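File shown: run_30.csv (CSV, N, CA and C atoms).
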chain,number,residue,atom,x,y,z
T,1,MET,N,88.8,75.6,115.5
T,1,MET,CA,89.0,75.2,114.1
T,1,MET,C,88.9,76.3,113.2
T,2,THR,N,89.7,76.3,112.1
T,2,THR,CA,89.7,77.4,111.1
T,2,THR,C,89.0,77.0,109.9
T,3,ASN,N,88.7,78.0,109.1
T,3,ASN,CA,88.0,77.8,107.8
T,3,ASN,C,89.0,77.4,106.8
T,4,LEU,N,88.9,76.2,106.3
T,4,LEU,CA,89.9,75.6,105.3
T,4,LEU,C,89.7,76.2,103.9
T,5,LEU,N,88.5,76.8,103.7
T,5,LEU,CA,88.2,77.3,102.3
T,5,LEU,C,88.7,78.7,102.1
T,6,GLY,N,89.1,79.4,103.1
T,6,GLY,CA,89.6,80.8,103.0
T,6,GLY,C,89.6,81.5,104.3
T,7,PRO,N,89.8,82.8,104.3
T,7,PRO,CA,89.9,83.5,105.5
T,7,PRO,C,88.6,83.6,106.3
T,8,GLU,N,88.7,83.7,107.6
T,8,GLU,CA,87.5,83.8,108.4
T,8,GLU,C,86.9,85.2,108.1
T,9,PRO,N,85.6,85.3,108.3
T,9,PRO,CA,84.9,86.6,108.1
T,9,PRO,C,85.4,87.6,109.1
T,10,THR,N,85.4,88.8,108.7
T,10,THR,CA,85.9,89.9,109.5
T,10,THR,C,84.7,90.6,110.1
T,11,HIS,N,84.7,90.9,111.4
T,11,HIS,CA,83.6,91.6,112.1
T,11,HIS,C,84.2,92.8,112.8
T,12,LEU,N,83.7,94.0,112.3
T,12,LEU,CA,84.2,95.2,113.0
T,12,LEU,C,83.6,95.3,114.4
T,13,PRO,N,84.3,96.0,115.2
T,13,PRO,CA,83.7,96.3,116.6
T,13,PRO,C,82.5,97.2,116.5
T,14,ALA,N,81.6,97.0,117.4
T,14,ALA,CA,80.4,97.8,117.5
T,14,ALA,C,80.7,99.2,117.9
T,15,ARG,N,79.9,100.1,117.4
T,15,ARG,CA,80.0,101.6,117.7
T,15,ARG,C,78.7,102.0,118.3
T,16,ALA,N,78.4,101.4,119.5
T,16,ALA,CA,77.1,101.6,120.1
T,16,ALA,C,76.7,103.1,120.3
T,17,ASP,N,77.7,103.9,120.6
T,17,ASP,CA,77.3,105.3,120.8
T,17,ASP,C,76.9,106.0,119.5
T,18,ALA,N,77.6,105.8,118.4
T,18,ALA,CA,77.2,106.3,117.1
T,18,ALA,C,76.0,105.7,116.6
T,19,GLU,N,75.9,104.4,116.7
T,19,GLU,CA,74.7,103.7,116.2
T,19,GLU,C,73.4,104.2,117.0
T,20,ALA,N,73.5,104.4,118.3
T,20,ALA,CA,72.4,104.8,119.0
T,20,ALA,C,72.0,106.2,118.6
T,21,ALA,N,73.0,107.1,118.3
T,21,ALA,CA,72.7,108.4,117.9
T,21,ALA,C,72.0,108.4,116.5
T,22,LEU,N,72.4,107.6,115.6
T,22,LEU,CA,71.8,107.5,114.3
T,22,LEU,C,70.4,106.9,114.5
T,23,ASP,N,70.2,105.9,115.3
T,23,ASP,CA,68.9,105.3,115.5
T,23,ASP,C,67.9,106.3,116.2
T,24,ALA,N,68.4,107.2,116.9
T,24,ALA,CA,67.6,108.2,117.6
T,24,ALA,C,67.2,109.4,116.7
T,25,GLY,N,67.8,109.3,115.5
T,25,GLY,CA,67.4,110.4,114.5
T,25,GLY,C,68.4,111.6,114.5
T,26,THR,N,69.5,111.5,115.2
T,26,THR,CA,70.5,112.5,115.1
T,26,THR,C,71.0,112.6,113.7
T,27,PRO,N,71.0,113.9,113.1
T,27,PRO,CA,71.4,114.0,111.7
T,27,PRO,C,72.8,113.4,111.5
T,28,PRO,N,73.0,112.7,110.4
T,28,PRO,CA,74.3,112.1,110.1
T,28,PRO,C,75.5,113.0,110.2
T,29,ALA,N,75.3,114.3,109.8
T,29,ALA,CA,76.4,115.3,109.8
T,29,ALA,C,76.9,115.5,111.3
T,30,GLU,N,75.9,115.5,112.2
T,30,GLU,CA,76.2,115.7,113.6
T,30,GLU,C,77.0,114.5,114.2
T,31,VAL,N,76.5,113.3,113.8
T,31,VAL,CA,77.1,112.0,114.2
T,31,VAL,C,78.6,112.0,113.7
T,32,THR,N,78.7,112.3,112.4
T,32,THR,CA,80.0,112.3,111.8
T,32,THR,C,81.0,113.3,112.5
T,33,ALA,N,80.5,114.5,112.8
T,33,ALA,CA,81.3,115.5,113.5
T,33,ALA,C,81.8,115.0,114.9
T,34,GLU,N,80.9,114.2,115.6
T,34,GLU,CA,81.2,113.7,116.9
T,34,GLU,C,82.0,112.4,116.8
T,35,HIS,N,81.8,111.6,115.7
T,35,HIS,CA,82.4,110.3,115.6
T,35,HIS,C,83.0,110.2,114.1
T,36,PRO,N,84.0,110.9,113.8
T,36,PRO,CA,84.5,111.0,112.4
T,36,PRO,C,85.0,109.6,111.8
T,37,ASP,N,85.2,108.7,112.7
T,37,ASP,CA,85.6,107.3,112.2
T,37,ASP,C,84.4,106.4,112.0
T,38,CYS,N,83.2,106.9,112.1
T,38,CYS,CA,82.0,106.1,112.0
T,38,CYS,C,81.6,106.0,110.5
T,39,SER,N,81.9,104.9,109.9
T,39,SER,CA,81.5,104.7,108.5
T,39,SER,C,80.0,104.7,108.2
T,40,GLU,N,79.2,104.3,109.2
T,40,GLU,CA,77.8,104.3,109.0
T,40,GLU,C,77.2,105.7,108.8
T,41,ALA,N,77.8,106.7,109.6
T,41,ALA,CA,77.4,108.1,109.4
T,41,ALA,C,77.8,108.6,108.1
T,42,TRP,N,79.0,108.3,107.7
T,42,TRP,CA,79.5,108.8,106.4
T,42,TRP,C,78.6,108.2,105.3
T,43,ALA,N,78.3,106.9,105.4
T,43,ALA,CA,77.4,106.3,104.4
T,43,ALA,C,76.1,107.0,104.3
T,44,ALA,N,75.5,107.3,105.4
T,44,ALA,CA,74.2,108.0,105.4
T,44,ALA,C,74.3,109.4,104.7
T,45,LEU,N,75.4,110.1,105.0
T,45,LEU,CA,75.6,111.3,104.2
T,45,LEU,C,75.8,111.1,102.7
T,46,ALA,N,76.5,110.1,102.4
T,46,ALA,CA,76.7,109.8,100.9
T,46,ALA,C,75.4,109.4,100.3
T,47,GLU,N,74.6,108.5,100.9
T,47,GLU,CA,73.4,108.1,100.4
T,47,GLU,C,72.4,109.3,100.2
T,48,ALA,N,72.4,110.2,101.2
T,48,ALA,CA,71.5,111.4,101.0
T,48,ALA,C,72.0,112.2,99.9
T,49,ALA,N,73.3,112.4,99.7
T,49,ALA,CA,73.8,113.2,98.6
T,49,ALA,C,73.5,112.5,97.2
T,50,VAL,N,73.6,111.2,97.1
T,50,VAL,CA,73.2,110.5,95.9
T,50,VAL,C,71.7,110.8,95.6
T,51,ASP,N,70.9,110.6,96.6
T,51,ASP,CA,69.4,110.8,96.5
T,51,ASP,C,69.1,112.3,96.0
T,52,ALA,N,69.9,113.2,96.4
T,52,ALA,CA,69.7,114.6,96.1
T,52,ALA,C,70.4,115.0,94.7
T,53,GLY,N,71.1,114.0,94.1
T,53,GLY,CA,71.7,114.3,92.8
T,53,GLY,C,73.1,115.0,93.0
T,54,GLU,N,73.6,115.1,94.2
T,54,GLU,CA,74.9,115.7,94.5
T,54,GLU,C,76.0,114.7,94.5
T,55,TYR,N,76.4,114.3,93.3
T,55,TYR,CA,77.2,113.1,93.1
T,55,TYR,C,78.7,113.4,93.5
T,56,VAL,N,79.2,114.6,93.3
T,56,VAL,CA,80.6,114.8,93.7
T,56,VAL,C,80.6,114.8,95.3
T,57,GLN,N,79.7,115.4,95.9
T,57,GLN,CA,79.6,115.4,97.4
T,57,GLN,C,79.5,113.9,97.9
T,58,ALA,N,78.6,113.2,97.2
T,58,ALA,CA,78.4,111.8,97.6
T,58,ALA,C,79.6,111.0,97.5
T,59,TYR,N,80.4,111.2,96.4
T,59,TYR,CA,81.7,110.6,96.2
T,59,TYR,C,82.6,110.8,97.3
T,60,ALA,N,82.7,112.1,97.7
T,60,ALA,CA,83.6,112.5,98.8
T,60,ALA,C,83.2,111.9,100.1
T,61,TYR,N,81.9,111.9,100.5
T,61,TYR,CA,81.4,111.3,101.7
T,61,TYR,C,81.7,109.8,101.7
T,62,ALA,N,81.3,109.2,100.6
T,62,ALA,CA,81.5,107.7,100.5
T,62,ALA,C,83.0,107.3,100.6
T,63,ARG,N,83.8,108.1,100.0
T,63,ARG,CA,85.3,107.8,100.0
T,63,ARG,C,85.8,107.9,101.5
T,64,ALA,N,85.3,108.9,102.2
T,64,ALA,CA,85.7,109.0,103.6
T,64,ALA,C,85.2,107.8,104.4
T,65,GLY,N,84.0,107.4,104.3
T,65,GLY,CA,83.5,106.3,105.0
T,65,GLY,C,84.2,105.0,104.6
T,66,TYR,N,84.5,104.8,103.3
T,66,TYR,CA,85.2,103.7,102.8
T,66,TYR,C,86.6,103.6,103.4
T,67,HIS,N,87.3,104.7,103.4
T,67,HIS,CA,88.7,104.7,104.0
T,67,HIS,C,88.7,104.5,105.5
T,68,ARG,N,87.7,105.1,106.2
T,68,ARG,CA,87.6,104.9,107.7
T,68,ARG,C,87.4,103.4,107.9
T,69,GLY,N,86.5,102.8,107.1
T,69,GLY,CA,86.2,101.4,107.3
T,69,GLY,C,87.4,100.5,106.9
T,70,LEU,N,88.1,100.8,105.9
T,70,LEU,CA,89.3,100.0,105.6
T,70,LEU,C,90.3,100.0,106.7
T,71,ASP,N,90.5,101.2,107.3
T,71,ASP,CA,91.4,101.3,108.5
T,71,ASP,C,90.9,100.3,109.6
T,72,GLN,N,89.6,100.3,109.9
T,72,GLN,CA,89.1,99.5,110.9
T,72,GLN,C,89.2,98.0,110.6
T,73,LEU,N,88.9,97.7,109.3
T,73,LEU,CA,89.0,96.3,108.9
T,73,LEU,C,90.4,95.8,109.1
T,74,ARG,N,91.4,96.6,108.7
T,74,ARG,CA,92.8,96.2,108.9
T,74,ARG,C,93.1,96.0,110.4
T,75,ARG,N,92.7,96.9,111.2
T,75,ARG,CA,92.9,96.7,112.7
T,75,ARG,C,92.2,95.5,113.2
T,76,ALA,N,91.1,95.0,112.5
T,76,ALA,CA,90.4,93.8,113.0
T,76,ALA,C,91.0,92.6,112.4
T,77,GLY,N,92.1,92.7,111.7
T,77,GLY,CA,92.8,91.5,111.1
T,77,GLY,C,92.5,91.2,109.7
T,78,TRP,N,91.7,92.0,109.0
T,78,TRP,CA,91.5,91.7,107.6
T,78,TRP,C,92.7,91.9,106.8
T,79,LYS,N,93.0,91.0,105.9
T,79,LYS,CA,94.3,91.1,105.1
T,79,LYS,C,94.0,91.5,103.6
T,80,GLY,N,93.0,92.2,103.3
T,80,GLY,CA,92.7,92.6,102.0
T,80,GLY,C,91.8,91.8,101.2
T,81,HIS,N,91.3,90.7,101.8
T,81,HIS,CA,90.4,89.8,101.1
T,81,HIS,C,89.6,89.0,102.2
T,82,GLY,N,88.6,88.4,101.7
T,82,GLY,CA,87.8,87.6,102.7
T,82,GLY,C,86.5,88.2,103.0
T,83,PRO,N,85.6,87.4,103.6
T,83,PRO,CA,84.2,87.9,103.8
T,83,PRO,C,84.1,89.0,104.8
T,84,ILE,N,83.2,89.9,104.5
T,84,ILE,CA,82.9,91.0,105.5
T,84,ILE,C,81.3,90.9,105.6
T,85,PRO,N,80.8,90.2,106.5
T,85,PRO,CA,79.4,89.8,106.5
T,85,PRO,C,78.5,91.1,106.7
T,86,TRP,N,77.5,91.2,105.8
T,86,TRP,CA,76.5,92.2,105.9
T,86,TRP,C,75.6,92.1,107.2
T,87,GLN,N,75.3,90.9,107.6
T,87,GLN,CA,74.5,90.7,108.8
T,87,GLN,C,75.0,91.3,110.1
T,88,HIS,N,76.3,91.6,110.1
T,88,HIS,CA,76.9,92.2,111.3
T,88,HIS,C,76.9,93.7,111.1
T,89,ARG,N,76.0,94.3,111.9
T,89,ARG,CA,75.7,95.8,111.7
T,89,ARG,C,77.0,96.7,111.6
T,90,PRO,N,78.0,96.5,112.5
T,90,PRO,CA,79.1,97.3,112.4
T,90,PRO,C,79.8,97.3,111.0
T,91,ASN,N,79.6,96.2,110.3
T,91,ASN,CA,80.2,96.1,108.9
T,91,ASN,C,79.4,96.9,107.9
T,92,GLN,N,78.1,97.1,108.2
T,92,GLN,CA,77.2,97.7,107.2
T,92,GLN,C,77.7,99.1,106.9
T,93,GLY,N,78.2,99.9,107.8
T,93,GLY,CA,78.7,101.2,107.4
T,93,GLY,C,79.7,101.2,106.4
T,94,PHE,N,80.7,100.3,106.5
T,94,PHE,CA,81.7,100.2,105.5
T,94,PHE,C,81.1,99.7,104.1
T,95,LEU,N,80.3,98.7,104.2
T,95,LEU,CA,79.7,98.2,103.0
T,95,LEU,C,78.7,99.2,102.3
T,96,ARG,N,78.0,99.9,103.1
T,96,ARG,CA,77.1,101.0,102.5
T,96,ARG,C,78.0,102.1,101.9
T,97,SER,N,79.1,102.4,102.5
T,97,SER,CA,80.0,103.4,102.0
T,97,SER,C,80.5,102.9,100.6
T,98,LEU,N,80.9,101.7,100.6
T,98,LEU,CA,81.4,101.1,99.4
T,98,LEU,C,80.4,101.1,98.3
T,99,ALA,N,79.1,100.8,98.6
T,99,ALA,CA,78.0,100.8,97.6
T,99,ALA,C,77.8,102.3,97.2
T,100,ALA,N,77.8,103.2,98.1
T,100,ALA,CA,77.6,104.6,97.7
T,100,ALA,C,78.7,105.1,96.9
T,101,LEU,N,79.9,104.7,97.1
T,101,LEU,CA,81.1,105.1,96.3
T,101,LEU,C,80.9,104.5,94.9
T,102,ALA,N,80.4,103.3,94.8
T,102,ALA,CA,80.2,102.7,93.4
T,102,ALA,C,79.1,103.6,92.7
T,103,ARG,N,78.0,103.8,93.4
T,103,ARG,CA,76.9,104.6,92.8
T,103,ARG,C,77.4,106.0,92.4
T,104,ALA,N,78.1,106.7,93.2
T,104,ALA,CA,78.5,108.0,92.9
T,104,ALA,C,79.6,108.0,91.8
T,105,ALA,N,80.5,107.0,91.8
T,105,ALA,CA,81.4,106.9,90.7
T,105,ALA,C,80.8,106.7,89.4
T,106,GLU,N,79.8,105.8,89.4
T,106,GLU,CA,79.0,105.6,88.1
T,106,GLU,C,78.4,106.9,87.6
T,107,ARG,N,77.8,107.7,88.5
T,107,ARG,CA,77.2,109.0,88.1
T,107,ARG,C,78.1,110.0,87.6
T,108,ILE,N,79.4,110.0,88.0
T,108,ILE,CA,80.3,111.0,87.6
T,108,ILE,C,81.2,110.4,86.5
T,109,GLY,N,80.9,109.3,86.0
T,109,GLY,CA,81.6,108.7,84.8
T,109,GLY,C,82.9,108.0,85.1
T,110,GLU,N,83.1,107.6,86.4
T,110,GLU,CA,84.3,106.8,86.8
T,110,GLU,C,83.9,105.3,86.7
T,111,THR,N,83.9,104.8,85.5
T,111,THR,CA,83.4,103.5,85.2
T,111,THR,C,84.3,102.4,85.9
T,112,GLU,N,85.6,102.6,85.8
T,112,GLU,CA,86.5,101.6,86.4
T,112,GLU,C,86.3,101.6,87.9
T,113,GLU,N,86.1,102.7,88.5
T,113,GLU,CA,85.9,102.8,90.0
T,113,GLU,C,84.6,102.1,90.3
T,114,TYR,N,83.5,102.4,89.5
T,114,TYR,CA,82.2,101.7,89.7
T,114,TYR,C,82.4,100.2,89.7
T,115,LEU,N,83.1,99.7,88.7
T,115,LEU,CA,83.2,98.3,88.5
T,115,LEU,C,84.0,97.7,89.7
T,116,ARG,N,85.1,98.4,90.1
T,116,ARG,CA,86.0,97.9,91.1
T,116,ARG,C,85.2,97.8,92.4
T,117,CYS,N,84.5,98.9,92.8
T,117,CYS,CA,83.7,98.9,94.0
T,117,CYS,C,82.6,97.9,94.0
T,118,SER,N,81.9,97.8,92.9
T,118,SER,CA,80.8,96.8,92.7
T,118,SER,C,81.3,95.4,93.0
T,119,GLN,N,82.5,95.1,92.4
T,119,GLN,CA,83.0,93.7,92.6
T,119,GLN,C,83.5,93.5,94.0
T,120,PHE,N,84.1,94.5,94.6
T,120,PHE,CA,84.6,94.4,96.0
T,120,PHE,C,83.4,94.2,96.9
T,121,LEU,N,82.3,94.9,96.6
T,121,LEU,CA,81.1,94.7,97.5
T,121,LEU,C,80.6,93.3,97.3
T,122,ALA,N,80.4,92.8,96.1
T,122,ALA,CA,79.9,91.4,95.9
T,122,ALA,C,80.9,90.4,96.5
T,123,ASP,N,82.2,90.6,96.4
T,123,ASP,CA,83.2,89.7,97.0
T,123,ASP,C,83.1,89.7,98.5
T,124,SER,N,82.8,90.8,99.1
T,124,SER,CA,82.8,91.0,100.5
T,124,SER,C,81.6,90.2,101.1
T,125,ASP,N,80.4,90.3,100.4
T,125,ASP,CA,79.2,89.6,100.8
T,125,ASP,C,78.2,89.8,99.8
T,126,PRO,N,77.8,88.8,99.0
T,126,PRO,CA,76.7,89.0,98.0
T,126,PRO,C,75.4,89.6,98.6
T,127,GLU,N,75.2,89.3,99.9
T,127,GLU,CA,74.0,89.9,100.5
T,127,GLU,C,74.1,91.4,100.6
T,128,ALA,N,75.3,91.9,100.8
T,128,ALA,CA,75.5,93.4,100.8
T,128,ALA,C,75.2,94.0,99.5
T,129,ALA,N,75.6,93.3,98.4
T,129,ALA,CA,75.4,93.8,97.1
T,129,ALA,C,73.8,93.9,96.8
T,130,ALA,N,73.2,92.8,97.2
T,130,ALA,CA,71.7,92.8,97.0
T,130,ALA,C,71.0,93.8,97.9
T,131,ALA,N,71.4,94.0,99.1
T,131,ALA,CA,70.8,94.9,100.1
T,131,ALA,C,71.0,96.3,99.7
T,132,THR,N,72.1,96.7,99.0
T,132,THR,CA,72.4,98.0,98.6
T,132,THR,C,72.0,98.3,97.2
T,133,GLY,N,71.5,97.3,96.4
T,133,GLY,CA,71.1,97.5,95.1
T,133,GLY,C,72.2,97.6,94.1
T,134,ILE,N,73.4,97.1,94.5
T,134,ILE,CA,74.6,97.1,93.6
T,134,ILE,C,74.8,95.7,93.2
T,135,ALA,N,74.4,95.3,91.9
T,135,ALA,CA,74.5,93.9,91.5
T,135,ALA,C,75.6,93.7,90.5
Take the structure I supplied and represent it as structure tokens, if you would.
Amino acid sequence: MTNLLGPEPTHLPARADAEAALDAGTPPAEVTAEHPDCSEAWAALAEAAVDAGEYVQAYAYARAGYHRGLDQLRRAGWKGHGPIPWQHRPNQGFLRSLAALARAAERIGETEEYLRCSQFLADSDPEAAAATGIA
């Protein structure tokens, strides 16, 4: 049976190797170098850069994670809209990258990008917006 109200949620495939490395405390830069398509590692780099006040670097890291995630979403059947559930860990890297991109864009004065990313995050899953502090 299909969802009559809209597209089915998109679930990205698990990245057990990269997730395990991050969970074990491997620095995100090392995980990114080993797994450059891992949005979760890019998100961690972006979040650390935001926390350090390095907003241009954060923007670049977040954009990389965002675009890697978009590529994976499209391969998973996403058509440019529809739910991307926060509860599914493999989706969190993309969603965290999107939130970090919004945050960094706001800090460098890219208001339109901030608004676009914030709306995209809320449209993907309101829980993601709440979990990342982008409301």
Restricting to all atoms listed in the file, whichever of T:Arg15, T:His35, T:His67, T:His81 is closest to Ser124 of chain T is T:His81
- If you run DSSP on this backbone, which residues of segment 19-104 of chain T come out as helix (DSSP H, G or I), and could you give them as number ranges by chain? T: 19-23, 28-34, 39-51, 55-75, 89-104
Name the residues in contact with Ala102 of chain T at a cut-off of 7 Å, using only N, CA and C atoms, excluding same-chain residues fewer than 2 positions from it; report them as a list in words.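 Selected residues are Ser97, Leu98, Ala99, Ala100, Ala104, Ala105, Glu106, Arg107, Glu113, Tyr114, Leu115, Cys117 and Ser118 of chain T.
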Separating atom N of Ala131 of chain T from atom N of Gln87 of chain T, to the nearest tenth of an Å, is a gap of 9.9 Å
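Closest approach to Thr32 of chain T from the set T:Arg68, T:Thr111, T:Gln92, T:His11 is made by T:Arg68, with distances taken over only C-alpha atoms.
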Enter the distance from atom C of Gly53 of chain T to atom CA of Glu112 of chain T, in Å, rounded to one decimal.
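Computed distance, atom C of Gly53 of chain T to atom CA of Glu112 of chain T, equals 20.1 Å.
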Subset file as a short mmCIF file (atom, residue, chain, number, x, y, z; two decimals), in the first residue's frame: segment 69-103 of chain T, N, CA and C atoms:
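Printed below is selection-v4.cif as written:
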data_model
loop_
_atom_site.label_atom_id
_atom_site.label_comp_id
_atom_site.auth_asym_id
_atom_site.auth_seq_id
_atom_site.Cartn_x
_atom_site.Cartn_y
_atom_site.Cartn_z
N GLY T 69 24.78 14.27 0.63
CA GLY T 69 23.48 13.74 1.04
C GLY T 69 22.44 13.82 -0.05
N LEU T 70 22.41 14.95 -0.77
CA LEU T 70 21.46 15.07 -1.88
C LEU T 70 21.68 13.97 -2.92
N ASP T 71 22.95 13.73 -3.25
CA ASP T 71 23.26 12.66 -4.22
C ASP T 71 22.72 11.32 -3.73
N GLN T 72 22.92 11.02 -2.45
CA GLN T 72 22.46 9.76 -1.89
C GLN T 72 20.94 9.69 -1.83
N LEU T 73 20.30 10.81 -1.49
CA LEU T 73 18.83 10.83 -1.46
C LEU T 73 18.26 10.53 -2.85
N ARG T 74 18.83 11.14 -3.86
CA ARG T 74 18.35 10.90 -5.24
C ARG T 74 18.53 9.43 -5.63
N ARG T 75 19.68 8.86 -5.25
CA ARG T 75 19.90 7.44 -5.56
C ARG T 75 18.91 6.56 -4.80
N ALA T 76 18.43 7.04 -3.65
CA ALA T 76 17.47 6.27 -2.84
C ALA T 76 16.03 6.49 -3.30
N GLY T 77 15.84 7.27 -4.37
CA GLY T 77 14.50 7.45 -4.93
C GLY T 77 13.81 8.75 -4.59
N TRP T 78 14.45 9.62 -3.83
CA TRP T 78 13.87 10.91 -3.46
C TRP T 78 13.73 11.76 -4.71
N LYS T 79 12.59 12.41 -4.87
CA LYS T 79 12.30 13.19 -6.07
C LYS T 79 12.33 14.70 -5.83
N GLY T 80 13.00 15.13 -4.78
CA GLY T 80 13.11 16.56 -4.50
C GLY T 80 12.12 17.07 -3.49
N HIS T 81 11.31 16.17 -2.96
CA HIS T 81 10.35 16.55 -1.91
C HIS T 81 9.93 15.29 -1.17
N GLY T 82 9.35 15.52 -0.03
CA GLY T 82 8.88 14.39 0.77
C GLY T 82 9.69 14.22 2.03
N PRO T 83 9.17 13.42 2.95
CA PRO T 83 9.81 13.26 4.26
C PRO T 83 11.17 12.58 4.20
N ILE T 84 12.06 13.10 5.04
CA ILE T 84 13.38 12.52 5.26
C ILE T 84 13.48 12.36 6.78
N PRO T 85 13.03 11.23 7.32
CA PRO T 85 12.87 11.08 8.76
C PRO T 85 14.16 11.21 9.57
N TRP T 86 14.11 12.05 10.58
CA TRP T 86 15.22 12.26 11.51
C TRP T 86 15.53 10.98 12.28
N GLN T 87 14.55 10.20 12.64
CA GLN T 87 14.76 9.01 13.46
C GLN T 87 15.64 7.96 12.79
N HIS T 88 15.80 8.03 11.49
CA HIS T 88 16.64 7.08 10.75
C HIS T 88 18.06 7.64 10.73
N ARG T 89 18.95 7.06 11.52
CA ARG T 89 20.30 7.63 11.68
C ARG T 89 21.00 7.97 10.36
N PRO T 90 20.98 7.13 9.35
CA PRO T 90 21.68 7.50 8.12
C PRO T 90 21.17 8.82 7.51
N ASN T 91 19.93 9.22 7.80
CA ASN T 91 19.41 10.49 7.31
C ASN T 91 19.96 11.66 8.12
N GLN T 92 20.38 11.41 9.34
CA GLN T 92 20.79 12.50 10.22
C GLN T 92 22.01 13.27 9.71
N GLY T 93 22.91 12.60 9.04
CA GLY T 93 24.08 13.31 8.50
C GLY T 93 23.68 14.38 7.51
N PHE T 94 22.77 14.03 6.60
CA PHE T 94 22.26 15.01 5.65
C PHE T 94 21.53 16.13 6.37
N LEU T 95 20.65 15.76 7.29
CA LEU T 95 19.84 16.77 7.99
C LEU T 95 20.71 17.66 8.88
N ARG T 96 21.70 17.11 9.53
CA ARG T 96 22.62 17.92 10.33
C ARG T 96 23.46 18.84 9.44
N SER T 97 23.86 18.35 8.27
CA SER T 97 24.59 19.21 7.32
C SER T 97 23.71 20.37 6.87
N LEU T 98 22.45 20.07 6.60
CA LEU T 98 21.51 21.10 6.19
C LEU T 98 21.34 22.14 7.30
N ALA T 99 21.23 21.70 8.54
CA ALA T 99 21.10 22.62 9.68
C ALA T 99 22.37 23.45 9.85
N ALA T 100 23.52 22.82 9.72
CA ALA T 100 24.78 23.55 9.84
C ALA T 100 24.94 24.55 8.71
N LEU T 101 24.48 24.19 7.53
CA LEU T 101 24.52 25.12 6.41
C LEU T 101 23.64 26.34 6.69
N ALA T 102 22.46 26.10 7.23
CA ALA T 102 21.58 27.22 7.60
C ALA T 102 22.26 28.11 8.63
N ARG T 103 22.82 27.50 9.66
CA ARG T 103 23.46 28.25 10.74
C ARG T 103 24.64 29.07 10.21
#
